[in-house]
Amino acid sequence: MEKYAVYVPRLVKKRENFAPGHRACIGCGEALAVRLAFKALDNNVVVTNATGCIEIIASQLPFTTWHLPWIHTLFENAAAVASGIEAGYKAMKRKGMAVPENAKVVAIGGDGATSDIGLQAISGALERGHDFTYICFDNEAYMNTGIQRSSATPFGAATTTSPAGKKSFGQFSWKKNMPEIAAAHNIPYVATATHGYPFDLMAKVRKAVDTPGPAYVHILSVCPTGWRSATDTVNRQSRLAVQTGVFPLYEVENGQYKMSINLPKLRPVKDYLKIQGRFRHLSDDIIQQIQERVELEYQKLLEKANNVTKRAKSKSKTGTAKASAR
Amino acid sequence: MATRVGIEVSIAIADAVKLANPDVVAAYPITPQTHIVEHLAELVANGELDAEYIPVESEHSAMSACLGSAAAGARTFTATASQGLALMNEVVYVAAPMRLPIIMAVANRALSSPLSIWCDHSDLMSVRDTGWIQIIAENGQQCVDNIICAFRIGEDQRVLLPVMVHLDGFTLTHVIEPITFPEQSDVDKFLPPYKFPMPLNPDKPVAMGDFAPPVIFTETKWAQEMNIRASKKVVVEVWDKYEKAFGRKYSPVEKHHSDGAKVVLMTMGSVGETASVAIDEMRDEGQDVGQIRLRLWRPFPFEELRETLKDTDVLIVLDRAISFGGPGGPVASEVKAAFYDQAKKPRIVSFVGGLGGRDITVAGFKDMVKKGTEIAKSGSKNEYEIYGVRE
């Protein structure tokens with residue numbers, strides 16, 4: 001702890017863009033992730049927020065938690081609002097009107113706002129190439145409305161609309177792979193992160209915002225309320241998600257995959273599942289299915305990352321060291 | 001010198017938007033709005049209009065992008081119609097309470113189903129309570145003039161509200177009309193540069209679109225209501241200034257031989273011109289008839305309407321939309337509400353017609369006035385009359 005006090009101030013600035021005093025639940029991983037993400041940035045940022053937990057906990061009239069210019073309009077349109085802000089600044093700057101210098105637009109939303117209802121608006125904004133960053137704070141269900149399943153809810157998890165019962169083992173579908181969908185738009189930067197790895201998270205958010213053009217960061221955010229887990233283990237759960245391969249940390253920079261952490265061996269998914277009440281009902285069979293699926297997906301990802309490494313090596317051998325960007 | 005040219009009304013609207021020099025246009029194509037946004041895209045592509053054209057992936061995102069750009073402090077325009085307006089409905093509601101003066105042209109078209117690309121006012125009625133100022137244009141010249149006025153009205157610091165200019169799809173959007181264009185320099189004098197008082201700016205952070213618990217929600221809505229009610233004064237003021245600058249006059253309720261007439265026909269939109277021909281012919285035949293056109297739909301001109309119709313015995317209102325299972329045409333029911341508690345009031349007869357692009361001819365309007373006058377005398381068991389339906 002002494003060392004922490006010595007080193008952390010050198011790595012992280014003191015200033016908060018997302019202040020304390022908001023109304024999040026005890027142990028909220030998402031509030032922590034949001035705080036870290038915006039701590040990583042300077043104050044030249046405009047935030048557009050989809051409806052959801054973060055919007056609700058941080059913006060009750062006449063208060064705000066944000067030290068940044070912040071706009072919330074609706075649930076599914078944060079990326080479209082971001083498009084408008086970016087275009088507005090661009091046009092006004094070109095026409096010699098007063099605009100903030102070097103302002104960065106960051107759209108944020110939960111997993112429902114991102115992978116379900118707002119997917120079209122995000123796809124449109126990424127495809128059009130606006131210079132903005134979209135950050136999904138993924139807590140794997142509609143937590144704000146009371147823990148209903150989304151397409152980002154993992155297989156087997158019990159939610160209020162995918163309950164476990166005599167004829168149900170909970171969520172019947174596999175988690176939608178949102179970072180891959182973003183990457184399929186051939187945008188310059190895609191990354192995954194989680195608050196259990198704070199410096200990795202901050203570095204990725206900074207990189208995303210500094211990248212010209214559209215960038216997408218998908219942040220797994222532990223929700224002890226919705227995951228039925230202990231509030232003092234949110235960072236442990238976050239780290240276990242990574243160490244079991246359930247939520248791999250990686251970057252896709254100009255189409256090149258890169259794993260963020262080298263894991264010689266994945267921990268069994270059971271280590272991650274057993275500390276969360278939402279998976280409590282799962283049979284060994286189902287857990288085995290999850291284990292196999294996680295390994296398969298992780299392997300696919302490793303291959304993409306390895307191929308990049310191989311290609312880069314072979315290119316450097318033939319003297320064309322510069323990897324083509326897009 | 002102002003120039004008078006023969007031009008398609010949609011193209012003319014785009015040219016009027018260009019005269020207003022917007023910074024952002026975000027739009028999604030839908031018949032019969034397409035020619036407006038196509039021409040705007042062309043003006044941007046040719047460098048004749050210095051703006052960002054955002055070719056969004058839906059009307060929902062069109063209006064959402066408009067919210068963003070207006071909040072950033074940019075002058076913002078979009079256009080849509082029918083299903084597009086229905087799809088963006090929830091976003092349309094957001095603009096007014098957030099005080100974002102977005103300007104939108106709506107090429108009025110029927111709502112599905114069955115699918116119809118032709119004009120009626122069912123789309124217009126679907127956004128009645130969104131809190132936007134809504135102006136109804138009747139011909140191409142009115143479209144051009146009111147697009148320019150809309151920017152000045154919406155951006156007035158006393159108003160700061162979004163403004164819709166409604167024009168009938170096809171009947172106006174796709175016809176060529178003689179239109180007088182004001183000079184750019186005169187428009188520049190008429191329309192001061194846009195200055196949004198509280199733009200999104202990291203140097204001076206603001207929070208926009210907070211959530212409101214019950215303890216404050218009613219106050220926000222009352223503020224919004226006071227705001228749009230007060231805007232009527234500015235609408236009239238801007239129209240007066242426009243008349244001084246460009247010579248064409250607009251008012252919330254426009255009169256056509258209605259003063260002193262015992263029977264008055266009320267219209268909204270492009271059918272007004274056909275109706276005028278009918279009224280003129282009937283007057284030539286010696287009948288005591290007149291006409292009014294509603295130019296300002298929101299804020300609703302209660303006082304002007306009562307004043308205009310103070311000597312009228314029979315008012316026949318034509319609606320181009322049905323409030324299904326309701327009290328009659330939506331315009332007629334509002335007019336009835338305006339007169340309900342007045343000591344002296346006309347007998348109001350509600351007609352619905354011209355749905356999904358069906359024409360009402362001069363003979364048709366004469367027939368409607370005749371029938372309406374009879375109903376006013378004899379009464380009717382119907383809430384309203386549907387005009388020209390085959391049963």
# chains A, B, ... in the order shown; residues from 1 in each chain; ligands from 1

$ select_by_dssp --residues "segment 149-264 of chain A" --states "strand (DSSP E)" --output "VMD selection string"
chain A and resid 164 to 165 168 to 169 189 to 194 215 to 220 250 to 253 256 to 259

$ residues_around --residues "segment 193-206 of chain A" --least-positions-apart "4" --cutoff "8 Å" --atoms "only C-alpha atoms" --output "mmCIF file with N, CA and C atoms, in the first residue's frame"
data_model
loop_
_atom_site.group_PDB
_atom_site.id
_atom_site.type_symbol
_atom_site.label_atom_id
_atom_site.label_comp_id
_atom_site.auth_asym_id
_atom_site.auth_seq_id
_atom_site.Cartn_x
_atom_site.Cartn_y
_atom_site.Cartn_z
ATOM 1 N N GLY A 29 -19.185 -1.863 -10.561
ATOM 2 C CA GLY A 29 -18.018 -1.949 -11.436
ATOM 3 C C GLY A 29 -18.091 -0.973 -12.585
ATOM 4 N N LEU A 32 -16.988 2.474 -11.525
ATOM 5 C CA LEU A 32 -15.529 2.440 -11.412
ATOM 6 C C LEU A 32 -14.877 2.519 -12.797
ATOM 7 N N ALA A 33 -15.425 1.748 -13.729
ATOM 8 C CA ALA A 33 -14.865 1.738 -15.089
ATOM 9 C C ALA A 33 -15.020 3.107 -15.760
ATOM 10 N N LEU A 36 -12.492 5.498 -14.270
ATOM 11 C CA LEU A 36 -11.141 5.247 -14.796
ATOM 12 C C LEU A 36 -11.020 5.730 -16.242
ATOM 13 N N ALA A 37 -12.039 5.415 -17.035
ATOM 14 C CA ALA A 37 -11.983 5.775 -18.458
ATOM 15 C C ALA A 37 -11.815 7.279 -18.632
ATOM 16 N N LYS A 39 -10.856 9.424 -16.300
ATOM 17 C CA LYS A 39 -9.642 9.877 -15.622
ATOM 18 C C LYS A 39 -8.458 9.790 -16.578
ATOM 19 N N ALA A 40 -8.566 8.860 -17.506
ATOM 20 C CA ALA A 40 -7.477 8.675 -18.479
ATOM 21 C C ALA A 40 -7.409 9.832 -19.468
ATOM 22 N N LEU A 41 -8.479 10.611 -19.527
ATOM 23 C CA LEU A 41 -8.553 11.655 -20.557
ATOM 24 C C LEU A 41 -8.376 13.036 -19.938
ATOM 25 N N ASP A 210 -7.325 9.223 -28.878
ATOM 26 C CA ASP A 210 -6.274 9.876 -29.666
ATOM 27 C C ASP A 210 -6.252 9.417 -31.124
ATOM 28 N N VAL A 217 -14.299 0.846 -27.795
ATOM 29 C CA VAL A 217 -13.728 0.148 -26.646
ATOM 30 C C VAL A 217 -14.867 -0.552 -25.903
ATOM 31 N N HIS A 218 -14.666 -1.846 -25.668
ATOM 32 C CA HIS A 218 -15.689 -2.639 -24.980
ATOM 33 C C HIS A 218 -15.178 -2.994 -23.590
ATOM 34 N N ILE A 219 -15.841 -2.459 -22.566
ATOM 35 C CA ILE A 219 -15.340 -2.613 -21.200
ATOM 36 C C ILE A 219 -16.282 -3.479 -20.366
ATOM 37 N N LEU A 220 -15.800 -4.647 -19.968
ATOM 38 C CA LEU A 220 -16.600 -5.503 -19.096
ATOM 39 C C LEU A 220 -16.670 -4.858 -17.711
ATOM 40 N N SER A 221 -17.884 -4.644 -17.236
ATOM 41 C CA SER A 221 -18.087 -3.932 -15.970
ATOM 42 C C SER A 221 -18.920 -4.795 -15.041
ATOM 43 N N VAL A 234 -15.611 -7.286 -6.834
ATOM 44 C CA VAL A 234 -15.846 -6.881 -8.233
ATOM 45 C C VAL A 234 -14.566 -6.908 -9.064
ATOM 46 N N ASN A 235 -13.471 -6.442 -8.491
ATOM 47 C CA ASN A 235 -12.234 -6.466 -9.274
ATOM 48 C C ASN A 235 -11.715 -7.892 -9.449
ATOM 49 N N ARG A 236 -11.950 -8.731 -8.443
ATOM 50 C CA ARG A 236 -11.539 -10.134 -8.581
ATOM 51 C C ARG A 236 -12.340 -10.806 -9.694
ATOM 52 N N GLN A 237 -13.638 -10.535 -9.715
ATOM 53 C CA GLN A 237 -14.483 -11.110 -10.779
ATOM 54 C C GLN A 237 -14.017 -10.630 -12.147
ATOM 55 N N SER A 238 -13.699 -9.351 -12.217
ATOM 56 C CA SER A 238 -13.227 -8.760 -13.472
ATOM 57 C C SER A 238 -11.942 -9.451 -13.946
ATOM 58 N N ARG A 239 -11.030 -9.686 -12.996
ATOM 59 C CA ARG A 239 -9.750 -10.313 -13.365
ATOM 60 C C ARG A 239 -9.948 -11.788 -13.729
ATOM 61 N N LEU A 249 -8.670 -9.898 -23.159
ATOM 62 C CA LEU A 249 -8.273 -8.511 -23.409
ATOM 63 C C LEU A 249 -7.418 -8.457 -24.668
ATOM 64 N N TYR A 250 -7.853 -7.643 -25.618
ATOM 65 C CA TYR A 250 -7.076 -7.524 -26.858
ATOM 66 C C TYR A 250 -7.339 -6.199 -27.536
#

$ residues_around --residues "segment 265-282 of chain A" --least-positions-apart "2" --cutoff "10 Å" --atoms "only C-alpha atoms" --output "JSON list (two decimals) with C-alpha atoms, in the first residue's frame"
[["chain", "number", "residue", "atom", "x", "y", "z"],
["A", 154, "PRO", "CA", -23.61, -14.77, -21.22],
["A", 155, "PHE", "CA", -24.91, -18.29, -21.90],
["A", 156, "GLY", "CA", -26.40, -19.84, -18.79],
["A", 157, "ALA", "CA", -26.77, -16.65, -16.75],
["A", 158, "ALA", "CA", -30.06, -16.25, -14.90],
["A", 159, "THR", "CA", -31.73, -12.89, -15.36],
["A", 163, "PRO", "CA", -34.71, -17.13, -15.38],
["A", 164, "ALA", "CA", -33.47, -20.57, -14.49],
["A", 165, "GLY", "CA", -36.28, -23.04, -13.93],
["A", 168, "SER", "CA", -34.58, -23.49, -18.40],
["A", 169, "PHE", "CA", -30.92, -23.13, -17.54],
["A", 170, "GLY", "CA", -31.07, -19.36, -17.91],
["A", 171, "GLN", "CA", -29.77, -17.41, -20.92],
["A", 224, "PRO", "CA", -22.70, -7.24, -8.19],
["A", 225, "THR", "CA", -26.41, -6.36, -8.00],
["A", 226, "GLY", "CA", -27.27, -8.09, -11.27],
["A", 227, "TRP", "CA", -24.67, -10.83, -11.08],
["A", 228, "ARG", "CA", -25.72, -11.75, -7.54],
["A", 229, "SER", "CA", -22.15, -11.54, -6.32],
["A", 230, "ALA", "CA", -20.27, -10.03, -3.42],
["A", 233, "THR", "CA", -15.04, -8.97, -5.16],
["A", 236, "ARG", "CA", -11.54, -10.13, -8.58],
["A", 237, "GLN", "CA", -14.48, -11.11, -10.78],
["A", 238, "SER", "CA", -13.23, -8.76, -13.47],
["A", 239, "ARG", "CA", -9.75, -10.31, -13.37],
["A", 240, "LEU", "CA", -11.15, -13.84, -13.34],
["A", 241, "ALA", "CA", -13.17, -13.06, -16.45],
["A", 242, "VAL", "CA", -9.86, -12.36, -18.16],
["A", 243, "GLN", "CA", -7.84, -15.18, -16.61],
["A", 244, "THR", "CA", -10.44, -17.83, -17.50],
["A", 245, "GLY", "CA", -10.61, -16.60, -21.09],
["A", 246, "VAL", "CA", -14.28, -15.64, -20.71],
["A", 262, "ASN", "CA", -0.02, -13.30, -22.14],
["A", 263, "LEU", "CA", -1.84, -16.15, -20.39],
["A", 284, "ASP", "CA", -21.69, -29.63, -14.75],
["A", 285, "ASP", "CA", -22.88, -30.36, -18.29],
["A", 286, "ILE", "CA", -23.64, -26.76, -19.02],
["A", 287, "ILE", "CA", -20.43, -25.62, -17.35],
["A", 288, "GLN", "CA", -18.54, -28.03, -19.58],
["A", 290, "ILE", "CA", -19.24, -23.09, -21.51],
["A", 291, "GLN", "CA", -15.67, -24.30, -20.91],
["A", 292, "GLU", "CA", -15.45, -25.70, -24.44],
["A", 294, "VAL", "CA", -14.60, -20.29, -24.16],
["A", 295, "GLU", "CA", -11.56, -22.33, -25.22],
["A", 298, "TYR", "CA", -10.05, -17.93, -27.19]]

$ closest_residue --among "A:Lys258, A:His185, A:Arg35, A:Lys3" --to "Phe18 of chain A" --atoms "only C-alpha atoms"
A:Arg35

$ select_by_dssp --residues "segment 152-313 of chain B" --states "alpha helix (DSSP H)" --output "VMD selection string"
chain B and resid 152 to 155 184 to 190 214 to 246 271 to 284 302 to 308

$ closest_atom_pairs --of "chain A" --to "chain B" --cutoff "9 Å" --atoms "only C-alpha atoms" --output "CSV"
residue,atom,partner,partner_atom,distance
A:Asn43,CA,B:Pro202,CA,6.4
A:Asn44,CA,B:Pro202,CA,5.3
A:Val45,CA,B:Pro202,CA,6.2
A:Val46,CA,B:Pro202,CA,6.6
A:Thr48,CA,B:Gly68,CA,8.5
A:Glu55,CA,B:Asp210,CA,7.8
A:Ile56,CA,B:Phe211,CA,6.8
A:Ala58,CA,B:Asp210,CA,8.6
A:Ser59,CA,B:Asp210,CA,5.0
A:Gln60,CA,B:Phe211,CA,5.2
A:Leu61,CA,B:Ala212,CA,5.4
A:Pro62,CA,B:Asp210,CA,7.8
A:Phe63,CA,B:Asp210,CA,8.3
A:Thr64,CA,B:Ala207,CA,6.9
A:Trp66,CA,B:Ala207,CA,7.6
A:His67,CA,B:Pro205,CA,6.8
A:Leu68,CA,B:Pro205,CA,5.3
A:Pro69,CA,B:Pro205,CA,4.1
A:Trp70,CA,B:Ala207,CA,4.8
A:Ile71,CA,B:Met208,CA,4.6
A:His72,CA,B:Gly209,CA,4.8
A:Thr73,CA,B:Gly209,CA,5.7
A:Leu74,CA,B:Val91,CA,7.5
A:Asn77,CA,B:Ser64,CA,6.2
A:Ala78,CA,B:Ser64,CA,8.0
A:Ala79,CA,B:Ala65,CA,8.4
A:Ala80,CA,B:Ala65,CA,5.0
A:Val81,CA,B:Gly68,CA,4.4
A:Ala82,CA,B:Gly68,CA,6.2
A:Ser83,CA,B:Ala65,CA,5.7
A:Gly84,CA,B:Ala65,CA,3.9
A:Ile85,CA,B:Ser69,CA,4.5
A:Glu86,CA,B:Ser69,CA,7.4
A:Ala87,CA,B:Glu52,CA,6.0
A:Gly88,CA,B:Ser69,CA,4.6
A:Tyr89,CA,B:Ala72,CA,6.7
A:Lys90,CA,B:Glu52,CA,7.6
A:Ala91,CA,B:Asp23,CA,5.6
A:Met92,CA,B:Asp23,CA,6.5
A:Arg94,CA,B:Asp50,CA,8.4
A:Lys95,CA,B:Asp50,CA,7.5
A:Val99,CA,B:Asn201,CA,7.7
A:Pro100,CA,B:Asn201,CA,6.0
A:Glu101,CA,B:Pro202,CA,8.9
A:Ala103,CA,B:Pro202,CA,7.2
A:Gln120,CA,B:Glu57,CA,7.6
A:Ala121,CA,B:Ser61,CA,6.3
A:Ser123,CA,B:Glu57,CA,8.7
A:Gly124,CA,B:Glu57,CA,5.6
A:Ala125,CA,B:Val56,CA,7.8
A:Arg128,CA,B:Pro55,CA,8.1
